[in-house]
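First comes the structure, then the notes that go with it.
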Amino acid sequence: MFLLLTVSLWVMVRTPSFLYRFHLLSIALLLGSVYFFLRETLHLMPAVIWFSSEWTVAASVGFLAAALLRWPPLQIAGLSLGLLIGDVMSAFAHREQMAMTLGQVEFQDEWWLTAFAARGCSLLLEGMVAGSKLAFMRVRQRIRPGREPEND
């Protein structure tokens with residue numbers, strides 16, 4: 001847990017723009033809120049669970065991270081801060097029922113699964129954008145009269 005926090009803060013400090021740091025922090029707060037919300041309410045809506053509740057939370061938060069942050073170190077930093085914020089919110093919400101323990105094995109498993117989902121979604125989104133650009137260029141070349149289509 002301390003390693004994740006250290007790496008996230010290091011990436012945040014190394015980010016060149018103050019506005020981009022603020023953007024990263026706001027995305028981390030959003031990811032933490034979504035993570036907390038899904039962990040607390042997913043058992044109330046079982047129709048939205050895909051494979052398991054862990055996969056559903058990881059895929060949802062990972063897709064958000066992939067859609068909102070494009071650079072991989074910023075994705076990992078935002079994800080780490082977001083999951084840490086969500087875990088602290090969950091521990092604080094249930095402080096009467098159990099002792100506050102952060103960064104347990106379950107948290108590490110969820111972090112790895114969410115990081116995998118974020119990077120996988122990011123690669124899928126990049127592939128879709130590249131394919132859409134290529135398809136747009138091909139259609140545009142065919143519409144223009146008098147030009148030969150380029151072969152790639």
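Here, A, B, ... name the chains of the structure tokens in the order displayed, residue numbers run from 1 inside each chain, and ligands are numbered from 1 in the same displayed order.
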Just list as number ranges by chain whatever in chain A DSSP marks as alpha helix (DSSP H).
A: 2-14, 18-41, 53-68, 72-93, 105-143
Report as a Markdown table the residues of stretch 20-66 of chain A within 7 Å of stretch 75-97 of chain A, each with its shortest atom pair and distance in Å (one decimal), using only C-alpha atoms, ordered by chain and increasing residue number.
| residue | atom | partner | partner_atom | distance |
| --- | --- | --- | --- | --- |
| A:Leu24 | CA | A:Gly78 | CA | 6.0 |
| A:Ile27 | CA | A:Gly78 | CA | 6.5 |
| A:Ala28 | CA | A:Gly82 | CA | 4.2 |
| A:Leu29 | CA | A:Gly82 | CA | 5.8 |
| A:Leu31 | CA | A:Gly82 | CA | 4.8 |
| A:Gly32 | CA | A:Gly82 | CA | 4.0 |
| A:Ser33 | CA | A:Gly86 | CA | 6.0 |
| A:Tyr35 | CA | A:Gly86 | CA | 5.7 |
| A:Phe36 | CA | A:Gly86 | CA | 4.8 |
| A:Ala65 | CA | A:Gln75 | CA | 6.1 |
| A:Ala66 | CA | A:Gln75 | CA | 6.8 |
Residues near A:Arg21, anyone? I mean within 12 Å using only C-alpha atoms, not counting same-chain ones fewer than 3 positions away, as a VMD selection string.
chain A and resid 8 to 18 24 to 28 69 74 77 to 78
